[in-house]
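Reproduced below: entry00.tsv, with TSV, C-alpha atoms and all ligand atoms.
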chain	number	residue	atom	x	y	z
Z	1	MET	CA	0.00	0.00	0.00
Z	2	ILE	CA	2.83	2.41	0.83
Z	3	LYS	CA	4.43	1.64	-2.52
Z	4	SER	CA	1.17	2.50	-4.35
Z	5	PHE	CA	0.76	5.62	-2.26
Z	6	LEU	CA	4.17	6.88	-3.35
Z	7	TYR	CA	3.93	5.65	-6.93
Z	8	LEU	CA	0.58	7.23	-7.84
Z	9	PRO	CA	1.70	10.90	-7.48
Z	10	PHE	CA	4.98	10.04	-9.25
Z	11	TRP	CA	3.00	8.52	-12.13
Z	12	PHE	CA	0.65	11.53	-12.26
Z	13	VAL	CA	3.50	14.03	-12.49
Z	14	LYS	CA	5.28	11.92	-15.10
Z	15	THR	CA	2.21	11.65	-17.31
Z	16	ARG	CA	0.23	14.83	-16.71
Z	17	ILE	CA	3.03	17.34	-16.15
Z	18	PHE	CA	5.78	15.86	-18.33
Z	19	GLY	CA	3.42	14.37	-20.93
Z	20	LYS	CA	4.85	10.84	-20.92
Z	21	LYS	CA	2.12	8.40	-21.93
Z	22	SER	CA	2.94	5.63	-19.49
Z	23	PRO	CA	0.27	3.09	-18.50
Z	24	LEU	CA	-0.67	2.59	-14.88
Z	25	GLN	CA	-2.69	-0.56	-15.44
Z	26	THR	CA	-2.44	-3.52	-17.80
Z	27	VAL	CA	-5.31	-5.56	-19.14
Z	28	ILE	CA	-4.13	-8.97	-20.36
Z	29	PHE	CA	-6.48	-11.24	-22.25
Z	30	ILE	CA	-5.10	-14.66	-21.35
Z	31	SER	CA	-7.49	-16.79	-23.41
Z	32	ASP	CA	-10.74	-16.49	-25.34
Z	33	GLN	CA	-12.04	-19.78	-23.97
Z	34	CYS	CA	-15.36	-19.28	-22.23
Z	35	ASN	CA	-18.15	-21.28	-20.63
Z	36	LEU	CA	-20.80	-18.73	-21.70
Z	37	GLN	CA	-21.86	-16.99	-24.88
Z	38	CYS	CA	-23.25	-13.69	-23.63
Z	39	LYS	CA	-25.42	-11.74	-26.03
Z	40	HIS	CA	-23.51	-8.49	-25.56
Z	41	CYS	CA	-20.02	-9.99	-25.97
Z	42	CYS	CA	-17.86	-10.64	-29.00
Z	43	VAL	CA	-14.70	-11.69	-27.16
Z	44	TYR	CA	-15.29	-15.40	-26.55
Z	45	ALA	CA	-13.99	-17.99	-29.03
Z	46	GLN	CA	-16.56	-18.95	-31.62
Z	47	LYS	CA	-14.60	-21.86	-33.12
Z	48	ILE	CA	-10.88	-22.22	-32.41
Z	49	ILE	CA	-9.79	-21.39	-28.86
Z	50	LYS	CA	-6.74	-19.18	-28.39
Z	51	LYS	CA	-4.92	-19.70	-25.11
Z	52	LYS	CA	-1.63	-18.07	-24.10
Z	53	SER	CA	1.18	-20.04	-22.50
Z	54	TYR	CA	2.60	-19.21	-19.07
Z	55	GLU	CA	5.81	-18.09	-20.76
Z	56	GLN	CA	4.00	-15.71	-23.11
Z	57	ILE	CA	2.06	-14.13	-20.24
Z	58	LYS	CA	5.31	-13.79	-18.27
Z	59	GLU	CA	6.87	-11.89	-21.17
Z	60	GLU	CA	3.77	-9.67	-21.44
Z	61	LEU	CA	3.78	-8.90	-17.71
Z	62	GLU	CA	7.49	-8.01	-17.78
Z	63	TYR	CA	6.96	-5.83	-20.85
Z	64	SER	CA	4.08	-3.96	-19.17
Z	65	TYR	CA	5.98	-3.52	-15.92
Z	66	LYS	CA	8.85	-1.93	-17.86
Z	67	LEU	CA	6.38	0.51	-19.42
Z	68	GLY	CA	5.51	1.65	-15.89
Z	69	SER	CA	2.33	-0.33	-15.25
Z	70	ARG	CA	1.82	-1.48	-11.65
Z	71	PHE	CA	-1.72	-2.90	-11.66
Z	72	VAL	CA	-2.85	-5.85	-13.75
Z	73	ASP	CA	-6.27	-7.20	-14.67
Z	74	PHE	CA	-6.51	-10.74	-16.02
Z	75	GLU	CA	-9.28	-10.95	-18.62
Z	76	GLY	CA	-10.68	-13.42	-21.11
Z	77	GLY	CA	-12.75	-15.26	-22.20
Z	78	GLU	CA	-13.27	-16.69	-18.76
Z	79	PRO	CA	-9.92	-16.29	-16.97
Z	80	THR	CA	-10.72	-18.84	-14.23
Z	81	MET	CA	-10.66	-21.57	-16.92
Z	82	TRP	CA	-7.04	-20.85	-17.84
Z	83	LYS	CA	-4.40	-23.56	-17.28
Z	84	ASP	CA	-1.00	-24.35	-18.74
Z	85	GLY	CA	0.43	-27.64	-17.45
Z	86	GLU	CA	0.81	-27.28	-13.68
Z	87	HIS	CA	0.12	-23.52	-13.86
Z	88	ASP	CA	-3.31	-22.04	-13.15
Z	89	LEU	CA	-4.64	-18.51	-12.66
Z	90	ASN	CA	-3.13	-18.29	-9.18
Z	91	SER	CA	0.29	-19.02	-10.72
Z	92	LEU	CA	-0.17	-15.91	-12.91
Z	93	ILE	CA	-1.25	-13.83	-9.92
Z	94	ARG	CA	1.84	-14.90	-7.96
Z	95	LEU	CA	4.02	-14.26	-11.00
Z	96	ALA	CA	2.67	-10.71	-11.40
Z	97	LYS	CA	3.37	-10.01	-7.72
Z	98	ALA	CA	6.90	-11.44	-8.03
Z	99	ILE	CA	7.55	-9.14	-11.01
Z	100	GLY	CA	6.53	-6.17	-8.88
Z	101	PHE	CA	2.90	-5.39	-9.68
Z	102	PHE	CA	1.22	-3.80	-6.67
Z	103	SER	CA	-2.12	-5.42	-7.23
Z	104	THR	CA	-3.90	-8.00	-9.36
Z	105	THR	CA	-7.51	-8.14	-10.44
Z	106	VAL	CA	-9.56	-10.86	-12.10
Z	107	THR	CA	-12.81	-10.26	-13.96
Z	108	THR	CA	-15.01	-13.36	-13.89
Z	109	ASN	CA	-18.50	-14.47	-14.83
Z	110	ALA	CA	-18.62	-16.47	-11.54
Z	111	VAL	CA	-20.12	-19.52	-13.22
Z	112	MET	CA	-17.55	-21.76	-11.54
Z	113	PRO	CA	-16.65	-21.52	-7.82
Z	114	PHE	CA	-13.64	-19.27	-7.32
Z	115	SER	CA	-12.84	-19.57	-3.62
Z	116	GLY	CA	-9.08	-19.69	-3.22
Z	117	LEU	CA	-8.49	-17.19	-6.00
Z	118	GLU	CA	-5.54	-15.11	-4.79
Z	119	ALA	CA	-6.22	-11.89	-6.73
Z	120	ASP	CA	-6.23	-8.74	-4.62
Z	121	SER	CA	-9.63	-7.85	-5.98
Z	122	ILE	CA	-12.26	-9.66	-7.97
Z	123	TRP	CA	-14.79	-8.12	-10.34
Z	124	VAL	CA	-17.81	-10.29	-11.02
Z	125	SER	CA	-19.92	-9.46	-14.05
Z	126	LEU	CA	-23.51	-8.98	-12.91
Z	127	ASP	CA	-25.85	-7.83	-15.66
Z	128	GLY	CA	-29.06	-7.46	-13.67
Z	129	LEU	CA	-31.09	-9.58	-11.30
Z	130	GLY	CA	-32.50	-13.03	-12.07
Z	131	LYS	CA	-34.12	-13.11	-15.50
Z	132	TYR	CA	-32.22	-9.99	-16.66
Z	133	HIS	CA	-28.81	-11.49	-15.97
Z	134	ASP	CA	-29.93	-14.78	-17.52
Z	135	ARG	CA	-31.32	-12.96	-20.56
Z	136	VAL	CA	-27.81	-11.67	-21.26
Z	137	ARG	CA	-25.80	-14.65	-20.03
Z	138	GLY	CA	-27.96	-17.78	-20.21
Z	139	GLU	CA	-30.49	-19.76	-18.20
Z	140	GLY	CA	-29.52	-20.52	-14.58
Z	141	VAL	CA	-26.37	-18.38	-14.62
Z	142	PHE	CA	-27.65	-15.84	-12.07
Z	143	ASP	CA	-28.26	-18.49	-9.38
Z	144	LYS	CA	-24.75	-19.88	-9.85
Z	145	LEU	CA	-23.28	-16.38	-9.58
Z	146	VAL	CA	-25.10	-15.62	-6.32
Z	147	LYS	CA	-23.98	-18.92	-4.78
Z	148	ASN	CA	-20.38	-18.58	-5.94
Z	149	ILE	CA	-20.15	-15.01	-4.65
Z	150	GLU	CA	-21.46	-16.16	-1.24
Z	151	THR	CA	-19.02	-19.03	-0.98
Z	152	SER	CA	-15.98	-17.25	-2.39
Z	153	GLY	CA	-14.95	-15.77	0.95
Z	154	HIS	CA	-13.04	-13.07	-0.93
Z	155	PRO	CA	-12.68	-9.85	1.08
Z	156	ASP	CA	-12.54	-7.50	-1.92
Z	157	LEU	CA	-15.25	-8.46	-4.38
Z	158	SER	CA	-17.20	-5.99	-6.50
Z	159	VAL	CA	-19.55	-6.31	-9.45
Z	160	ASN	CA	-19.59	-4.81	-12.89
Z	161	MET	CA	-22.85	-4.18	-14.77
Z	162	VAL	CA	-23.02	-3.55	-18.52
Z	163	VAL	CA	-26.29	-1.75	-19.23
Z	164	SER	CA	-27.97	-2.42	-22.57
Z	165	LYS	CA	-31.45	-2.72	-24.05
Z	166	LEU	CA	-31.60	-6.20	-22.48
Z	167	ASN	CA	-31.30	-5.14	-18.85
Z	168	TYR	CA	-31.71	-1.38	-18.30
Z	169	GLU	CA	-34.97	-2.01	-16.41
Z	170	SER	CA	-33.01	-3.89	-13.78
Z	171	VAL	CA	-30.55	-1.14	-12.83
Z	172	ASP	CA	-32.42	0.02	-9.68
Z	173	GLU	CA	-32.96	-3.45	-8.23
Z	174	THR	CA	-29.36	-4.44	-9.01
Z	175	ILE	CA	-27.98	-1.42	-7.14
Z	176	GLU	CA	-30.30	-2.23	-4.23
Z	177	PHE	CA	-29.19	-5.89	-4.31
Z	178	VAL	CA	-25.53	-4.84	-4.09
Z	179	LYS	CA	-26.26	-2.56	-1.16
Z	180	ASN	CA	-27.90	-5.42	0.74
Z	181	ASN	CA	-25.43	-8.15	-0.19
Z	182	PRO	CA	-22.74	-8.48	2.50
Z	183	TYR	CA	-20.33	-10.23	0.12
Z	184	ILE	CA	-20.22	-7.39	-2.43
Z	185	LYS	CA	-18.32	-4.16	-1.91
Z	186	LEU	CA	-19.20	-1.95	-4.88
Z	187	ILE	CA	-21.01	-1.87	-8.20
Z	188	SER	CA	-19.54	-0.30	-11.31
Z	189	ILE	CA	-22.01	0.84	-13.96
Z	190	ASN	CA	-20.98	0.62	-17.61
Z	191	PHE	CA	-22.87	0.77	-20.88
Z	192	LEU	CA	-22.67	-1.56	-23.81
Z	193	THR	CA	-20.00	-0.60	-26.31
Z	194	PRO	CA	-21.32	-1.52	-29.76
Z	195	TYR	CA	-18.73	-4.04	-30.93
Z	196	PRO	CA	-19.63	-5.69	-34.24
Z	197	GLY	CA	-22.71	-7.85	-33.84
Z	198	THR	CA	-23.92	-6.11	-30.66
Z	199	GLU	CA	-24.93	-2.72	-32.12
Z	200	ASP	CA	-28.67	-3.41	-31.82
Z	201	LEU	CA	-28.36	-3.81	-28.05
Z	202	MET	CA	-26.98	-0.35	-27.41
Z	203	LEU	CA	-29.28	2.01	-25.51
Z	204	ASP	CA	-30.26	5.29	-27.12
Z	205	TRP	CA	-28.57	8.37	-25.65
Z	206	ASP	CA	-31.66	9.76	-23.93
Z	207	LYS	CA	-32.17	6.51	-22.02
Z	208	ARG	CA	-28.47	6.41	-21.19
Z	209	ARG	CA	-28.58	9.93	-19.76
Z	210	GLU	CA	-31.73	9.09	-17.78
Z	211	ILE	CA	-29.98	6.08	-16.22
Z	212	ILE	CA	-26.84	8.08	-15.46
Z	213	ASP	CA	-28.94	10.70	-13.64
Z	214	LYS	CA	-30.51	7.92	-11.61
Z	215	VAL	CA	-27.14	6.37	-10.74
Z	216	ILE	CA	-25.82	9.80	-9.70
Z	217	ALA	CA	-28.83	10.20	-7.39
Z	218	TYR	CA	-28.13	6.78	-5.80
Z	219	LYS	CA	-24.47	7.67	-5.42
Z	220	LYS	CA	-25.38	10.92	-3.64
Z	221	GLN	CA	-27.59	8.92	-1.27
Z	222	GLY	CA	-24.57	6.84	-0.28
Z	223	TYR	CA	-25.18	3.65	-2.30
Z	224	PRO	CA	-21.99	1.61	-2.90
Z	225	ILE	CA	-21.32	2.75	-6.46
Z	226	MET	CA	-17.75	2.75	-7.73
Z	227	ASN	CA	-18.31	5.39	-10.44
Z	228	SER	CA	-17.64	8.97	-9.40
Z	229	VAL	CA	-20.24	11.65	-10.08
Z	230	SER	CA	-17.73	13.53	-12.27
Z	231	GLY	CA	-16.96	10.41	-14.29
Z	232	LEU	CA	-20.65	9.58	-14.73
Z	233	LYS	CA	-21.45	13.08	-15.97
Z	234	LYS	CA	-18.80	12.75	-18.66
Z	235	MET	CA	-20.38	9.50	-19.87
Z	236	LYS	CA	-23.62	11.35	-20.64
Z	237	ASP	CA	-22.45	12.50	-24.05
Z	238	ASN	CA	-18.93	11.07	-24.36
Z	239	ASN	CA	-17.70	14.43	-25.54
Z	240	PHE	CA	-14.44	14.51	-23.61
Z	241	LYS	CA	-10.78	13.83	-24.17
Z	242	LYS	CA	-9.95	10.14	-23.85
Z	243	TYR	CA	-6.96	9.01	-21.80
Z	244	CYS	CA	-7.34	5.30	-22.48
Z	245	TRP	CA	-3.55	4.83	-22.67
Z	246	VAL	CA	-3.72	4.86	-18.83
Z	247	SER	CA	-4.29	1.12	-19.41
Z	248	ASN	CA	-2.30	-0.85	-21.94
Z	249	PHE	CA	-4.03	-3.82	-23.52
Z	250	ILE	CA	-2.55	-7.11	-24.66
Z	251	ALA	CA	-5.01	-8.98	-26.83
Z	252	VAL	CA	-5.49	-12.71	-26.94
Z	253	ASP	CA	-3.46	-12.91	-30.16
Z	254	GLY	CA	-0.57	-11.15	-28.36
Z	255	THR	CA	-1.10	-7.75	-29.99
Z	256	LYS	CA	0.20	-5.05	-27.64
Z	257	SER	CA	-1.74	-1.82	-27.78
Z	258	PRO	CA	-1.88	1.42	-25.79
Z	259	ASP	CA	-5.66	1.52	-26.38
Z	260	CYS	CA	-8.58	-0.83	-25.98
Z	261	GLY	CA	-9.93	-2.68	-29.04
Z	262	GLY	CA	-12.64	-0.05	-29.45
Z	263	THR	CA	-10.19	2.59	-30.67
Z	264	ALA	CA	-9.20	0.66	-33.79
Z	265	LEU	CA	-12.89	0.06	-34.54
Z	266	GLY	CA	-13.70	3.77	-34.25
Z	267	LEU	CA	-16.00	3.24	-31.26
Z	268	CYS	CA	-14.64	5.90	-28.88
Z	269	ASP	CA	-17.63	8.20	-29.42
Z	270	GLN	CA	-19.99	5.39	-28.44
Z	271	CYS	CA	-17.83	3.91	-25.68
Z	272	GLY	CA	-19.68	2.60	-22.63
Z	273	TYR	CA	-16.73	1.78	-20.36
Z	274	CYS	CA	-17.01	3.93	-17.25
Z	275	MET	CA	-13.23	3.99	-16.93
Z	276	ALA	CA	-13.06	6.39	-19.89
Z	277	GLY	CA	-14.96	9.07	-17.93
Z	278	GLU	CA	-13.12	8.22	-14.72
Z	279	MET	CA	-9.72	8.60	-16.40
Z	280	ASN	CA	-10.60	12.00	-17.84
Z	281	SER	CA	-11.78	13.15	-14.41
Z	282	VAL	CA	-8.59	11.85	-12.73
Z	283	MET	CA	-6.44	13.66	-15.27
Z	284	ASN	CA	-8.36	16.85	-14.57
Z	285	LEU	CA	-8.04	16.25	-10.83
Z	286	ALA	CA	-11.79	16.11	-10.12
Z	287	PRO	CA	-11.65	15.65	-6.31
Z	288	ASP	CA	-14.44	13.03	-6.08
Z	289	THR	CA	-12.83	10.89	-8.80
Z	290	VAL	CA	-9.36	11.16	-7.32
Z	291	ILE	CA	-10.71	10.04	-3.93
Z	292	ALA	CA	-12.67	7.16	-5.54
Z	293	GLY	CA	-9.58	6.14	-7.51
Z	294	LEU	CA	-7.34	6.20	-4.43
Z	295	LYS	CA	-9.86	4.13	-2.47
Z	296	LEU	CA	-9.82	1.55	-5.27
Z	297	ARG	CA	-6.05	1.48	-5.63
Z	298	LEU	CA	-4.99	1.62	-2.00
Z	301	LIG	C1	-15.14	-9.89	-21.89
Z	301	LIG	S1	-15.57	-10.20	-20.22
Z	301	LIG	C2	-14.28	-11.32	-19.70
Z	301	LIG	C3	-14.37	-11.75	-18.29
Z	301	LIG	C4	-15.46	-12.72	-17.91
Z	301	LIG	N1	-15.72	-13.68	-18.89
Z	301	LIG	C5	-16.73	-11.97	-17.53
Z	301	LIG	O1	-17.74	-12.12	-18.20
Z	301	LIG	O2	-16.68	-11.26	-16.52
Z	301	LIG	C6	-15.09	-8.71	-19.37
Z	301	LIG	C7	-16.17	-7.70	-19.19
Z	301	LIG	O3	-16.50	-7.13	-20.46
Z	301	LIG	C8	-17.88	-6.89	-20.49
Z	301	LIG	N2	-18.34	-6.77	-21.89
Z	301	LIG	C9	-18.50	-7.73	-22.78
Z	301	LIG	N3	-18.98	-7.24	-23.94
Z	301	LIG	C10	-19.14	-5.90	-23.76
Z	301	LIG	C11	-19.62	-4.83	-24.56
Z	301	LIG	N4	-20.05	-5.03	-25.80
Z	301	LIG	N5	-19.64	-3.59	-24.03
Z	301	LIG	C12	-19.21	-3.37	-22.75
Z	301	LIG	N6	-18.75	-4.34	-21.94
Z	301	LIG	C13	-18.72	-5.59	-22.44
Z	301	LIG	C14	-18.44	-8.10	-19.78
Z	301	LIG	O4	-19.78	-7.90	-19.34
Z	301	LIG	C15	-17.48	-8.26	-18.64
Z	301	LIG	O5	-17.88	-7.52	-17.51
Z	302	LIG	S1	-18.62	-14.72	-19.85
Z	302	LIG	FE1	-17.36	-12.92	-20.34
Z	302	LIG	S2	-16.05	-13.53	-22.08
Z	302	LIG	FE2	-17.63	-15.10	-21.82
Z	302	LIG	S3	-19.16	-14.53	-23.31
Z	302	LIG	FE3	-19.74	-13.58	-21.34
Z	302	LIG	S4	-18.81	-11.53	-21.28
Z	302	LIG	FE4	-17.87	-12.70	-22.97
Let me see whether you can do it: turn the structure in this file into structure tokens.
Ligand SMILES: C[S@@+](CC[C@H](N)C(=O)[O-])C[C@H]1O[C@@H](n2cnc3c(N)ncnc32)[C@H](O)[C@@H]1O
Ligand code: SF4
Amino acid sequence: MIKSFLYLPFWFVKTRIFGKKSPLQTVIFISDQCNLQCKHCCVYAQKIIKKKSYEQIKEELEYSYKLGSRFVDFEGGEPTMWKDGEHDLNSLIRLAKAIGFFSTTVTTNAVMPFSGLEADSIWVSLDGLGKYHDRVRGEGVFDKLVKNIETSGHPDLSVNMVVSKLNYESVDETIEFVKNNPYIKLISINFLTPYPGTEDLMLDWDKRREIIDKVIAYKKQGYPIMNSVSGLKKMKDNNFKKYCWVSNFIAVDGTKSPDCGGTALGLCDQCGYCMAGEMNSVMNLAPDTVIAGLKLRL
């Protein structure tokens, strides 16, 4: 924690004052193998599965560390399914720590039990309650998620909701559910980014703004929402400077990029990832976002 506390201002001065585009966080896609086929997703393998080796991920972690990154998120596909010989996801988490990363995160669909996962924090994808989550992710998936969250025993577990035409009606009850669930710390609200094949599921902008206003009102009432008010306001029209190079991305085919896949597809104006708004607010030193970011990182 002390290391992060000292590193964050150093990183800010390096990037914001001296203009060096150095990532703080790395997102590594370790495989596109998945046990679901969510309607809003185009990441999972349709036919031939791509899975990185332990050695390749080691090289990618070392590369990212040298760039200046100190936080890593293991993504997929479903990262908890990853294995290479005797190595599993915990081997990658330990490896990242040994290289020097301050903290590791795993994003999971929570279909399989994940107690014993050694990541510092876990983000579970929760796309609404009951039938709404299942509408996006498949029959029976919500019940498994609730059970696996309860039994995980992880002290730092939050959920990530992607709002689309399929589940926007469930936003209120999902926020309420998170507030009342003792195993969940925070909820992060995102909107669907229209990757090819998912365009029809994107909400119209008026509905998006209406939902953002509602989320801001919950946040002001003290609900456990990760998004900052400043970041949420920016997501209302997406008309702000993007600082997505704050994370570097390493795709499942090994492509190393300073931006997420959406940039190459020209999707920045329609981006739904809340981190885009949060990053802009951090770079402009919006006090509420800086405090939210520090809470998350420390
Ligand atoms: C690709 S998944 C990989 C991790 C894991 N399989 C899971 O579902 O949590 C990572 C996150 O991306 C989100 N996601 C997938 N497609 C998206 C889209 N079109 N727009 C925004 N987020 C999306 C998922 O809901 C999930 O929270
Ligand atoms: S579980 Fe994750 S990777 Fe798999 S299809 Fe759903 S969102 Fe995509």
Legend entry - Exercise: Glu199 of chain Z partners within 12 Å, all atoms listed in the file, chain neighbours under 5 positions left out, as a ChimeraX atom specification: /Z:39-42,164-165,191-194,204,267,270-271
Legend entry - Long-range neighbours of Trp82 of chain Z as a PyMOL selection string, 7 Å cut-off, only C-alpha atoms, 5 positions minimum in chain: chain Z and resi 31+88-89
Emit the selected residues as a tab-separated table (two decimals), in the coordinates of the input, including C-alpha atoms.
chain	number	residue	atom	x	y	z
Z	31	SER	CA	-7.49	-16.79	-23.41
Z	88	ASP	CA	-3.31	-22.04	-13.15
Z	89	LEU	CA	-4.64	-18.51	-12.66
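Closest approach to His154 of chain Z among Z:Ile175, Z:Gly116, Z:Asp237, Z:Ser170: Z:Gly116, based on all atoms listed in the file.
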For ligand LIG 302 (chain Z), I'd like the enclosing box, axis-aligned and padded by 3 Å on every side, reported as AutoDock Vina command-line options with centre and edge lengths in Å to one decimal.
--center_x -17.9 --center_y -13.3 --center_z -21.6 --size_x 9.7 --size_y 9.6 --size_z 9.5
Inset, instruction - Collect all residues with atoms no farther than 7 Å from ligand LIG 302 (chain Z), counting only C-alpha atoms and all ligand atoms, and output them as a ChimeraX atom specification. - result: /Z:32,34-38,41-44,76-78,108-109,137
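Each of Z:Val159, Z:Cys274, Z:Leu186, Z:Val124 was compared to Ala110 of chain Z using only C-alpha atoms, and Z:Val124 turns out to be the nearest.
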Legend entry - Residue with smallest distance to Lys3 of chain Z - pool Z:Gly68, Z:Pro258, Z:Gly85, Z:Gly100, counting only C-alpha atoms: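 Of Z:Gly68, Z:Pro258, Z:Gly85, Z:Gly100, the one nearest Lys3 of chain Z, counting only C-alpha atoms, is Z:Gly100.
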Inset, instruction - Quote the spacing between atom CA of Leu92 of chain Z and atom CA of Asp143 of chain Z in Å to one decimal place. - result: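 Value for the atom CA of Leu92 of chain Z-atom CA of Asp143 of chain Z distance: 28.4 Å.
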Residue neighbourhood segment 18-29 of chain Z, 7 Å, only C-alpha atoms, exclusion window fewer than 2 positions, as a PDB file with C-alpha atoms, in the coordinates of the input:
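The new file around.pdb reads:
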ATOM      1  CA  VAL Z  13       3.500  14.030 -12.490  1.00  0.00           C
ATOM      2  CA  LYS Z  14       5.280  11.920 -15.100  1.00  0.00           C
ATOM      3  CA  THR Z  15       2.210  11.650 -17.310  1.00  0.00           C
ATOM      4  CA  ARG Z  16       0.230  14.830 -16.710  1.00  0.00           C
ATOM      5  CA  SER Z  31      -7.490 -16.790 -23.410  1.00  0.00           C
ATOM      6  CA  SER Z  64       4.080  -3.960 -19.170  1.00  0.00           C
ATOM      7  CA  LEU Z  67       6.380   0.510 -19.420  1.00  0.00           C
ATOM      8  CA  GLY Z  68       5.510   1.650 -15.890  1.00  0.00           C
ATOM      9  CA  SER Z  69       2.330  -0.330 -15.250  1.00  0.00           C
ATOM     10  CA  ARG Z  70       1.820  -1.480 -11.650  1.00  0.00           C
ATOM     11  CA  PHE Z  71      -1.720  -2.900 -11.660  1.00  0.00           C
ATOM     12  CA  VAL Z  72      -2.850  -5.850 -13.750  1.00  0.00           C
ATOM     13  CA  ASP Z  73      -6.270  -7.200 -14.670  1.00  0.00           C
ATOM     14  CA  PHE Z  74      -6.510 -10.740 -16.020  1.00  0.00           C
ATOM     15  CA  GLU Z  75      -9.280 -10.950 -18.620  1.00  0.00           C
ATOM     16  CA  GLY Z  76     -10.680 -13.420 -21.110  1.00  0.00           C
ATOM     17  CA  TRP Z 245      -3.550   4.830 -22.670  1.00  0.00           C
ATOM     18  CA  VAL Z 246      -3.720   4.860 -18.830  1.00  0.00           C
ATOM     19  CA  SER Z 247      -4.290   1.120 -19.410  1.00  0.00           C
ATOM     20  CA  ASN Z 248      -2.300  -0.850 -21.940  1.00  0.00           C
ATOM     21  CA  PHE Z 249      -4.030  -3.820 -23.520  1.00  0.00           C
ATOM     22  CA  ILE Z 250      -2.550  -7.110 -24.660  1.00  0.00           C
ATOM     23  CA  ALA Z 251      -5.010  -8.980 -26.830  1.00  0.00           C
ATOM     24  CA  VAL Z 252      -5.490 -12.710 -26.940  1.00  0.00           C
TER      25      VAL Z 252
END
Legend entry - Between atom CA of Val282 of chain Z and atom CA of Leu8 of chain Z, distance in Å (one decimal): 11.4 Å
Inset, instruction - Kindly extract all protein, DNA and RNA residues lying within 9 Å of the coordinates (-6.1, -19.1, -10.8) given in the file, considering all atoms listed in the file, and supply them as a ChimeraX atom specification. - result: /Z:79-83,87-93,114,116-119
Inset, instruction - May I ask which of the residues Z:Trp123, Z:Tyr223, Z:Phe240, Z:Phe177 is the closest one to ligand LIG 301 (chain Z), counting all atoms listed in the file? - result: Z:Trp123
Legend entry - Gap from atom CA of Gly138 of chain Z to atom O4 of ligand LIG 301 (chain Z) - Å, one decimal: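 Between atom CA of Gly138 of chain Z and atom O4 of ligand LIG 301 (chain Z) the gap works out to 12.9 Å.
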Legend entry - 7 Å contact set for Ile225 of chain Z, all atoms listed in the file, chain neighbours under 4 positions out, as a PyMOL selection string: chain Z and resi 186-188+219
Inset, instruction - For the point (-7.2, 9.9, -13.1) in the file's frame, write as a ChimeraX atom specification all residues with an atom no more than 12 Å away, counting all atoms listed in the file. - result: /Z:8-9,11-13,15-16,23-25,228,230-231,242-247,275-294,296-297
Legend entry - Distance criterion (all atoms listed in the file): nearest to ligand LIG 301 (chain Z) out of Z:Glu169, Z:Asp84, Z:Asp259, Z:Asp127: Z:Asp127
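The residue that comes closest to Pro196 of chain Z, out of Z:Leu265, Z:Ser115, Z:Leu61, Z:Arg94 and on the basis of all atoms listed in the file, is Z:Leu265.
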